[in-house]
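Enquirer: Have a look at the structure that comes next, please.
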Amino acid sequence: MNAILKDVVAVPANQGSAIGFLTWNSLSNMLITPDELKQKLVSSGLGAGWMPKGIRLPDAFRRATSEKFKREVAPGVYENYMFREVASTSAFVQRNLVCETKDTKGRRLDYVPDAGALVLDRKTEKVETSYTSSMAQQLVTNAALQFDIYRNNYGSTTLRSVITSVLRSMSPTPVRPSGGVYFIPAQFEGNLDALVQFVVSLEKGEAEKVPVMNTMDMKNLVTRKLLDHLRGTLAACENGVANQLKKNELKAILEDAKTVVSNVKDYEAIVTGDLQEMEAYVALIREKVASALANMAD
């Protein structure tokens, strides 16, 4: 069995009914057109409802100009190139190529704020370029080519967000502290099959599911992992409030906590032992979420 399951045991499927499944997936960098993505979602059984938002030109433009480049121009002297946004209006977005020269001690020797530039015209959807050197020409031209690719293709980051959203709809419980492997209750088997089929249909995607059988050992394991998940969720809420995170960051944590609490009902037929501790964590999380949301509204 894959080394990813070294800390988790799944019983062979011929020993009874499954209480759920262990699942994991991975996705390397790739590109896919919206039409192809929609077709794969529909073919897998997930449906077009999981399609991400359309590709916004400014987002594709910023993504194409996000890379950095460094080269040594003399012993101990380096040129660092990066793009920085200098203007964004209803008519255009401008990103300049900046060249900063530093020595090995980090001292700035020179700074050119406009070694090159790309300007996206929002109306014509075209990009104009300019540059002051052959190196800048190479970087600016490459960014313009990348923009033509990104405006027509979703990347791995978007695909991973889709996969995560689908997974979150199946009441997942992480079974390893480092994440990556999740337990999914048996009632979501059809959705999980569709997700696995979708991921493996992607050019750079891999996904697996392994049944977890109806034994006391496996129920105890799932119960322990669910308790760990609740503890971690409560700690995340408390830390988010204590660290005075930005409202949008704290809201994301609180919304996740609400989902975790709601998912507990899907484990009622699985969990074992005294449920008082679990119920106490659920109550504490609800109290913390309600308090934090009330404070945010003030």
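Scheme for the structure tokens: letters A, B, ... for chains in order shown; per-chain residue numbers from 1; ligand numbers from 1 in order shown.
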Report as a compact mmCIF listing (two decimals) with N, CA, C and O atoms, in the first residue's frame all protein, DNA and RNA residues lying within 12 Å of Leu139 of chain A, evaluated on only C-alpha atoms, omitting residues in the same chain fewer than 2 positions from it.

Expert:
# COMPACT_ATOMS: atom_id res chain seq x y z
N ALA A 64 0.43 36.46 -15.22
CA ALA A 64 1.48 36.40 -16.23
C ALA A 64 2.67 37.26 -15.86
O ALA A 64 3.79 37.02 -16.36
N THR A 65 2.47 38.23 -15.01
CA THR A 65 3.56 39.15 -14.62
C THR A 65 3.95 38.95 -13.16
O THR A 65 4.34 39.90 -12.47
N SER A 66 3.83 37.73 -12.66
CA SER A 66 4.12 37.46 -11.25
C SER A 66 5.51 36.86 -11.01
O SER A 66 5.98 36.81 -9.88
N GLU A 67 6.16 36.41 -12.09
CA GLU A 67 7.45 35.74 -11.92
C GLU A 67 8.57 36.74 -11.68
O GLU A 67 8.50 37.91 -12.08
N LYS A 68 9.62 36.26 -11.00
CA LYS A 68 10.81 37.08 -10.73
C LYS A 68 12.02 36.44 -11.42
O LYS A 68 12.02 35.23 -11.70
N PHE A 69 13.03 37.25 -11.68
CA PHE A 69 14.23 36.75 -12.37
C PHE A 69 15.46 37.40 -11.74
O PHE A 69 15.45 38.58 -11.43
N LYS A 70 16.49 36.60 -11.57
CA LYS A 70 17.73 37.10 -10.97
C LYS A 70 18.92 36.63 -11.79
O LYS A 70 18.97 35.48 -12.23
N ASN A 80 18.01 41.99 -9.97
CA ASN A 80 16.74 41.34 -9.62
C ASN A 80 15.62 42.02 -10.39
O ASN A 80 15.41 43.24 -10.25
N TYR A 81 14.91 41.22 -11.20
CA TYR A 81 13.81 41.76 -11.99
C TYR A 81 12.47 41.27 -11.42
O TYR A 81 12.33 40.11 -11.05
N MET A 82 11.52 42.19 -11.34
CA MET A 82 10.17 41.83 -10.90
C MET A 82 9.18 42.83 -11.47
O MET A 82 9.56 43.96 -11.82
N PHE A 83 7.93 42.40 -11.57
CA PHE A 83 6.88 43.29 -12.07
C PHE A 83 6.13 43.90 -10.89
O PHE A 83 5.85 43.22 -9.90
N ASN A 96 4.84 47.51 -14.42
CA ASN A 96 6.20 47.86 -14.84
C ASN A 96 7.19 46.79 -14.43
O ASN A 96 7.07 46.18 -13.36
N LEU A 97 8.19 46.60 -15.28
CA LEU A 97 9.30 45.72 -14.94
C LEU A 97 10.35 46.54 -14.22
O LEU A 97 10.90 47.50 -14.76
N VAL A 98 10.62 46.16 -12.97
CA VAL A 98 11.57 46.88 -12.13
C VAL A 98 12.89 46.10 -12.10
O VAL A 98 12.88 44.86 -12.03
N CYS A 99 14.00 46.81 -12.18
CA CYS A 99 15.32 46.18 -12.08
C CYS A 99 16.05 46.78 -10.89
O CYS A 99 16.34 47.98 -10.85
N ALA A 115 12.21 49.56 -16.29
CA ALA A 115 13.03 48.86 -17.27
C ALA A 115 12.16 48.31 -18.41
O ALA A 115 12.64 48.08 -19.52
N GLY A 116 10.89 48.09 -18.10
CA GLY A 116 9.94 47.62 -19.11
C GLY A 116 8.54 47.87 -18.61
O GLY A 116 8.33 48.23 -17.45
N ALA A 117 7.56 47.67 -19.47
CA ALA A 117 6.18 47.89 -19.06
C ALA A 117 5.23 47.08 -19.93
O ALA A 117 5.50 46.85 -21.12
N LEU A 118 4.14 46.64 -19.32
CA LEU A 118 3.04 46.01 -20.05
C LEU A 118 1.76 46.74 -19.64
O LEU A 118 1.52 46.96 -18.44
N THR A 129 3.52 46.61 -25.04
CA THR A 129 4.76 46.42 -24.28
C THR A 129 5.80 47.48 -24.66
O THR A 129 5.77 48.05 -25.76
N SER A 130 6.71 47.70 -23.73
CA SER A 130 7.87 48.56 -23.98
C SER A 130 9.01 48.08 -23.09
O SER A 130 8.77 47.41 -22.08
N TYR A 131 10.24 48.43 -23.46
CA TYR A 131 11.41 47.95 -22.71
C TYR A 131 12.61 48.82 -23.05
O TYR A 131 12.64 49.53 -24.06
N THR A 132 13.63 48.75 -22.19
CA THR A 132 14.82 49.60 -22.36
C THR A 132 16.10 48.82 -22.58
O THR A 132 17.16 49.41 -22.76
N SER A 133 16.02 47.48 -22.56
CA SER A 133 17.22 46.66 -22.76
C SER A 133 16.82 45.31 -23.33
O SER A 133 15.64 44.95 -23.33
N SER A 134 17.80 44.56 -23.81
CA SER A 134 17.52 43.24 -24.38
C SER A 134 16.99 42.28 -23.31
O SER A 134 16.12 41.45 -23.57
N MET A 135 17.54 42.41 -22.08
CA MET A 135 17.06 41.55 -21.00
C MET A 135 15.61 41.88 -20.67
O MET A 135 14.78 40.99 -20.50
N ALA A 136 15.31 43.16 -20.59
CA ALA A 136 13.93 43.58 -20.32
C ALA A 136 13.01 43.15 -21.45
O ALA A 136 11.86 42.73 -21.20
N GLN A 137 13.47 43.24 -22.67
CA GLN A 137 12.67 42.80 -23.81
C GLN A 137 12.29 41.34 -23.68
O GLN A 137 11.13 40.95 -23.91
N THR A 141 8.43 40.33 -23.18
CA THR A 141 7.84 39.54 -24.26
C THR A 141 7.31 38.21 -23.74
O THR A 141 6.22 37.75 -24.12
N ASN A 142 8.08 37.58 -22.86
CA ASN A 142 7.64 36.32 -22.28
C ASN A 142 6.37 36.49 -21.46
O ASN A 142 5.45 35.66 -21.52
N ALA A 143 6.29 37.59 -20.71
CA ALA A 143 5.09 37.85 -19.91
C ALA A 143 3.87 38.05 -20.80
O ALA A 143 2.76 37.58 -20.49
N ALA A 144 4.05 38.73 -21.92
CA ALA A 144 2.94 38.93 -22.86
C ALA A 144 2.46 37.60 -23.45
O ALA A 144 1.25 37.38 -23.62
N LEU A 145 3.40 36.70 -23.74
CA LEU A 145 3.03 35.38 -24.24
C LEU A 145 2.30 34.57 -23.17
O LEU A 145 1.33 33.86 -23.47
N GLN A 146 2.78 34.68 -21.92
CA GLN A 146 2.12 33.98 -20.82
C GLN A 146 0.69 34.48 -20.64
O GLN A 146 -0.22 33.70 -20.33

Enquirer: Excluding Val77 of chain A and any residue of its chain fewer than 3 positions from it, enumerate the residues within 9 Å of it, using only C-alpha atoms, and give them as a VMD selection string.

Expert: chain A and resid 71 to 74 101 to 104 109

Enquirer: Write out as an MDAnalysis selection string each polymer residue whose atoms come within 9 Å of segment 23-32 of chain A, counting only C-alpha atoms; drop sequence neighbours fewer than 3 positions from it.

Expert: chainID A and resid 4 35:37 149:150 152:157 159:160 163 180:184 192 196 199:200 202:211

Enquirer: Store the residues picked out above in a file with N, CA, C and O atoms, as a CSV table (one decimal), in the first residue's frame.

Expert:
chain,number,residue,atom,x,y,z
A,4,ILE,N,1.8,6.7,1.8
A,4,ILE,CA,1.1,7.8,2.4
A,4,ILE,C,0.1,7.3,3.5
A,4,ILE,O,-0.3,8.1,4.4
A,35,ASP,N,-13.7,25.0,-21.5
A,35,ASP,CA,-14.6,24.0,-22.1
A,35,ASP,C,-14.2,22.6,-21.7
A,35,ASP,O,-15.0,21.7,-21.5
A,36,GLU,N,-12.8,22.3,-21.7
A,36,GLU,CA,-12.4,21.0,-21.4
A,36,GLU,C,-12.7,20.7,-19.9
A,36,GLU,O,-13.0,19.6,-19.6
A,37,LEU,N,-12.5,21.7,-19.0
A,37,LEU,CA,-12.8,21.5,-17.6
A,37,LEU,C,-14.2,21.1,-17.4
A,37,LEU,O,-14.6,20.2,-16.6
A,149,ILE,N,-1.7,32.8,-22.8
A,149,ILE,CA,-2.0,31.4,-22.3
A,149,ILE,C,-3.0,31.5,-21.2
A,149,ILE,O,-4.0,30.8,-21.1
A,150,TYR,N,-2.7,32.3,-20.2
A,150,TYR,CA,-3.5,32.3,-18.9
A,150,TYR,C,-4.9,32.9,-19.1
A,150,TYR,O,-5.8,32.5,-18.4
A,152,ASN,N,-6.8,32.1,-21.4
A,152,ASN,CA,-7.6,31.1,-22.0
A,152,ASN,C,-7.6,29.7,-21.3
A,152,ASN,O,-8.2,28.8,-21.7
A,153,ASN,N,-6.9,29.7,-20.1
A,153,ASN,CA,-6.7,28.5,-19.4
A,153,ASN,C,-6.7,28.7,-17.9
A,153,ASN,O,-6.2,29.6,-17.4
A,154,TYR,N,-7.4,27.7,-17.2
A,154,TYR,CA,-7.3,27.6,-15.8
A,154,TYR,C,-6.0,27.0,-15.4
A,154,TYR,O,-5.5,26.1,-16.2
A,155,GLY,N,-5.4,27.3,-14.3
A,155,GLY,CA,-4.2,26.7,-13.8
A,155,GLY,C,-4.4,25.7,-12.7
A,155,GLY,O,-5.6,25.5,-12.2
A,156,SER,N,-3.4,25.1,-12.1
A,156,SER,CA,-3.5,24.1,-11.1
A,156,SER,C,-4.1,24.7,-9.8
A,156,SER,O,-4.8,24.0,-9.1
A,157,THR,N,-3.8,26.0,-9.5
A,157,THR,CA,-4.3,26.6,-8.3
A,157,THR,C,-5.8,26.6,-8.3
A,157,THR,O,-6.5,26.2,-7.3
A,159,LEU,N,-7.8,24.6,-10.1
A,159,LEU,CA,-8.2,23.2,-10.1
A,159,LEU,C,-8.2,22.6,-8.7
A,159,LEU,O,-9.1,21.9,-8.2
A,160,ARG,N,-7.1,22.9,-7.9
A,160,ARG,CA,-7.0,22.5,-6.5
A,160,ARG,C,-8.2,23.1,-5.7
A,160,ARG,O,-8.7,22.4,-4.8
A,163,ILE,N,-11.2,21.0,-6.4
A,163,ILE,CA,-11.1,19.7,-5.8
A,163,ILE,C,-11.4,19.8,-4.3
A,163,ILE,O,-12.1,19.0,-3.7
A,180,GLY,N,-3.7,15.9,3.8
A,180,GLY,CA,-3.5,15.2,2.6
A,180,GLY,C,-4.3,13.9,2.5
A,180,GLY,O,-4.6,13.5,1.4
A,181,VAL,N,-4.6,13.3,3.6
A,181,VAL,CA,-5.4,12.0,3.6
A,181,VAL,C,-6.6,12.3,4.5
A,181,VAL,O,-6.5,12.8,5.6
A,182,TYR,N,-7.8,12.0,3.9
A,182,TYR,CA,-9.1,12.3,4.6
A,182,TYR,C,-10.0,11.1,4.7
A,182,TYR,O,-10.0,10.2,3.9
A,183,PHE,N,-10.8,11.0,5.8
A,183,PHE,CA,-11.8,10.0,5.9
A,183,PHE,C,-13.1,10.7,5.5
A,183,PHE,O,-13.5,11.8,5.8
A,184,ILE,N,-13.8,9.9,4.6
A,184,ILE,CA,-15.1,10.4,4.1
A,184,ILE,C,-16.2,9.3,4.5
A,184,ILE,O,-16.0,8.1,4.2
A,192,LEU,N,-17.7,10.7,-3.9
A,192,LEU,CA,-16.3,10.5,-3.8
A,192,LEU,C,-15.8,9.8,-5.1
A,192,LEU,O,-14.8,10.1,-5.6
A,196,VAL,N,-12.9,11.2,-7.5
A,196,VAL,CA,-11.7,10.5,-7.9
A,196,VAL,C,-11.6,10.3,-9.5
A,196,VAL,O,-10.6,10.5,-10.1
A,199,VAL,N,-10.5,13.7,-10.9
A,199,VAL,CA,-9.1,14.0,-10.7
A,199,VAL,C,-8.2,13.2,-11.6
A,199,VAL,O,-7.2,13.7,-12.2
A,200,VAL,N,-8.5,11.9,-11.7
A,200,VAL,CA,-7.6,11.1,-12.5
A,200,VAL,C,-7.8,11.4,-14.0
A,200,VAL,O,-6.9,11.0,-14.9
A,202,LEU,N,-7.7,14.3,-15.2
A,202,LEU,CA,-6.9,15.5,-15.5
A,202,LEU,C,-5.5,15.0,-15.9
A,202,LEU,O,-5.0,14.0,-15.4
A,203,GLU,N,-4.8,15.7,-16.7
A,203,GLU,CA,-3.6,15.3,-17.3
A,203,GLU,C,-2.5,15.0,-16.2
A,203,GLU,O,-1.7,14.1,-16.3
A,204,LYS,N,-2.5,15.8,-15.1
A,204,LYS,CA,-1.5,15.7,-14.1
A,204,LYS,C,-2.1,15.3,-12.7
A,204,LYS,O,-1.5,15.6,-11.7
A,205,GLY,N,-3.3,14.7,-12.8
A,205,GLY,CA,-4.0,14.3,-11.5
A,205,GLY,C,-3.9,12.9,-11.1
A,205,GLY,O,-3.8,12.0,-11.9
A,206,GLU,N,-3.8,12.7,-9.8
A,206,GLU,CA,-3.9,11.3,-9.2
A,206,GLU,C,-4.8,11.3,-8.0
A,206,GLU,O,-4.8,12.3,-7.3
A,207,ALA,N,-5.6,10.3,-7.8
A,207,ALA,CA,-6.5,10.2,-6.7
A,207,ALA,C,-6.8,8.7,-6.4
A,207,ALA,O,-6.8,7.9,-7.3
A,208,GLU,N,-7.0,8.4,-5.1
A,208,GLU,CA,-7.3,7.1,-4.7
A,208,GLU,C,-8.4,7.1,-3.6
A,208,GLU,O,-8.5,8.1,-2.9
A,209,LYS,N,-9.1,6.0,-3.4
A,209,LYS,CA,-9.9,5.8,-2.3
A,209,LYS,C,-9.8,4.4,-1.8
A,209,LYS,O,-9.6,3.5,-2.6
A,210,VAL,N,-9.8,4.2,-0.5
A,210,VAL,CA,-9.6,2.9,0.2
A,210,VAL,C,-10.7,2.7,1.2
A,210,VAL,O,-10.9,3.6,2.0
A,211,PRO,N,-11.4,1.6,1.2
A,211,PRO,CA,-12.5,1.4,2.1
A,211,PRO,C,-12.0,1.2,3.6
A,211,PRO,O,-11.0,0.6,3.8

Enquirer: I need the residue nearest Asp193 of chain A from this list: A:Leu250, A:Leu46, A:Val260, A:Val127. Use only C-alpha atoms for the distance.

Expert: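 Once distances to Asp193 of chain A are computed over only C-alpha atoms, the minimum belongs to A:Leu46.
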
Enquirer: Taking the DSSP secondary structure from the backbone, can you list the residues of segment 28-201 of chain A that are strand (DSSP E), as a PyMOL selection string?

Expert: chain A and resi 31-32+69-74+77-88+92-103+108-121+127-131+154-155+173-174+182-185

Enquirer: Residues within 8 Å of Asp121 of chain A, please, as a list in words. Count only C-alpha atoms; anything in the same chain fewer than 5 positions from it doesn't count.

Expert: Ala91, Phe92, Val93, Lys126 and Val127 of chain A

Enquirer: Write a file of the just-selected residues containing N, CA, C and O atoms, as a PDB file, in the first residue's frame.

Expert:
ATOM      1  N   ALA A  91     -10.025  51.709 -17.356  1.00  0.00           N
ATOM      2  CA  ALA A  91      -9.616  51.622 -18.758  1.00  0.00           C
ATOM      3  C   ALA A  91      -8.425  50.695 -18.977  1.00  0.00           C
ATOM      4  O   ALA A  91      -8.332  50.035 -20.016  1.00  0.00           O
ATOM      5  N   PHE A  92      -7.502  50.636 -18.022  1.00  0.00           N
ATOM      6  CA  PHE A  92      -6.292  49.845 -18.237  1.00  0.00           C
ATOM      7  C   PHE A  92      -5.655  49.426 -16.916  1.00  0.00           C
ATOM      8  O   PHE A  92      -5.961  49.964 -15.849  1.00  0.00           O
ATOM      9  N   VAL A  93      -4.731  48.446 -17.048  1.00  0.00           N
ATOM     10  CA  VAL A  93      -3.872  48.021 -15.939  1.00  0.00           C
ATOM     11  C   VAL A  93      -2.441  48.070 -16.446  1.00  0.00           C
ATOM     12  O   VAL A  93      -2.149  47.548 -17.526  1.00  0.00           O
ATOM     13  N   LYS A 126      -6.167  43.896 -25.313  1.00  0.00           N
ATOM     14  CA  LYS A 126      -4.827  43.736 -25.875  1.00  0.00           C
ATOM     15  C   LYS A 126      -3.775  44.306 -24.931  1.00  0.00           C
ATOM     16  O   LYS A 126      -4.074  45.171 -24.100  1.00  0.00           O
ATOM     17  N   VAL A 127      -2.554  43.842 -25.097  1.00  0.00           N
ATOM     18  CA  VAL A 127      -1.442  44.274 -24.242  1.00  0.00           C
ATOM     19  C   VAL A 127      -0.387  44.979 -25.084  1.00  0.00           C
ATOM     20  O   VAL A 127       0.040  44.455 -26.128  1.00  0.00           O
TER      21      VAL A 127
END

Enquirer: Find the residue from A:Val162, A:Val271, A:Met170, A:Leu293 that sits nearest to Val222 of chain A; use only C-alpha atoms when measuring.

Expert: A:Val271

Enquirer: May I ask for the distance between atom CA of Val119 of chain A and atom CA of Gln94 of chain A, given in Å to one decimal place?

Expert: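 Separation between atom CA of Val119 of chain A and atom CA of Gln94 of chain A: 4.4 Å.
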
Enquirer: Identify which of the residues A:Ala48, A:Met296, A:Ile270, A:Leu120 lies closest to Met216 of chain A, counting only C-alpha atoms when measuring atom-to-atom distances.

Expert: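 Between A:Ala48, A:Met296, A:Ile270, A:Leu120, the residue approaching Met216 of chain A most closely is A:Ile270.
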
Enquirer: Suppose you want the space between atom CA of Leu284 of chain A and atom CA of Leu221 of chain A; what is it in Å?

Expert: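 Atom-to-atom, atom CA of Leu284 of chain A and atom CA of Leu221 of chain A are spaced 22.8 Å apart.
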
Enquirer: Any idea what the distance is between atom CA of Phe147 of chain A and atom CA of Thr33 of chain A?

Expert: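 Computing the Euclidean distance for atom CA of Phe147 of chain A and atom CA of Thr33 of chain A yields 13.9 Å.
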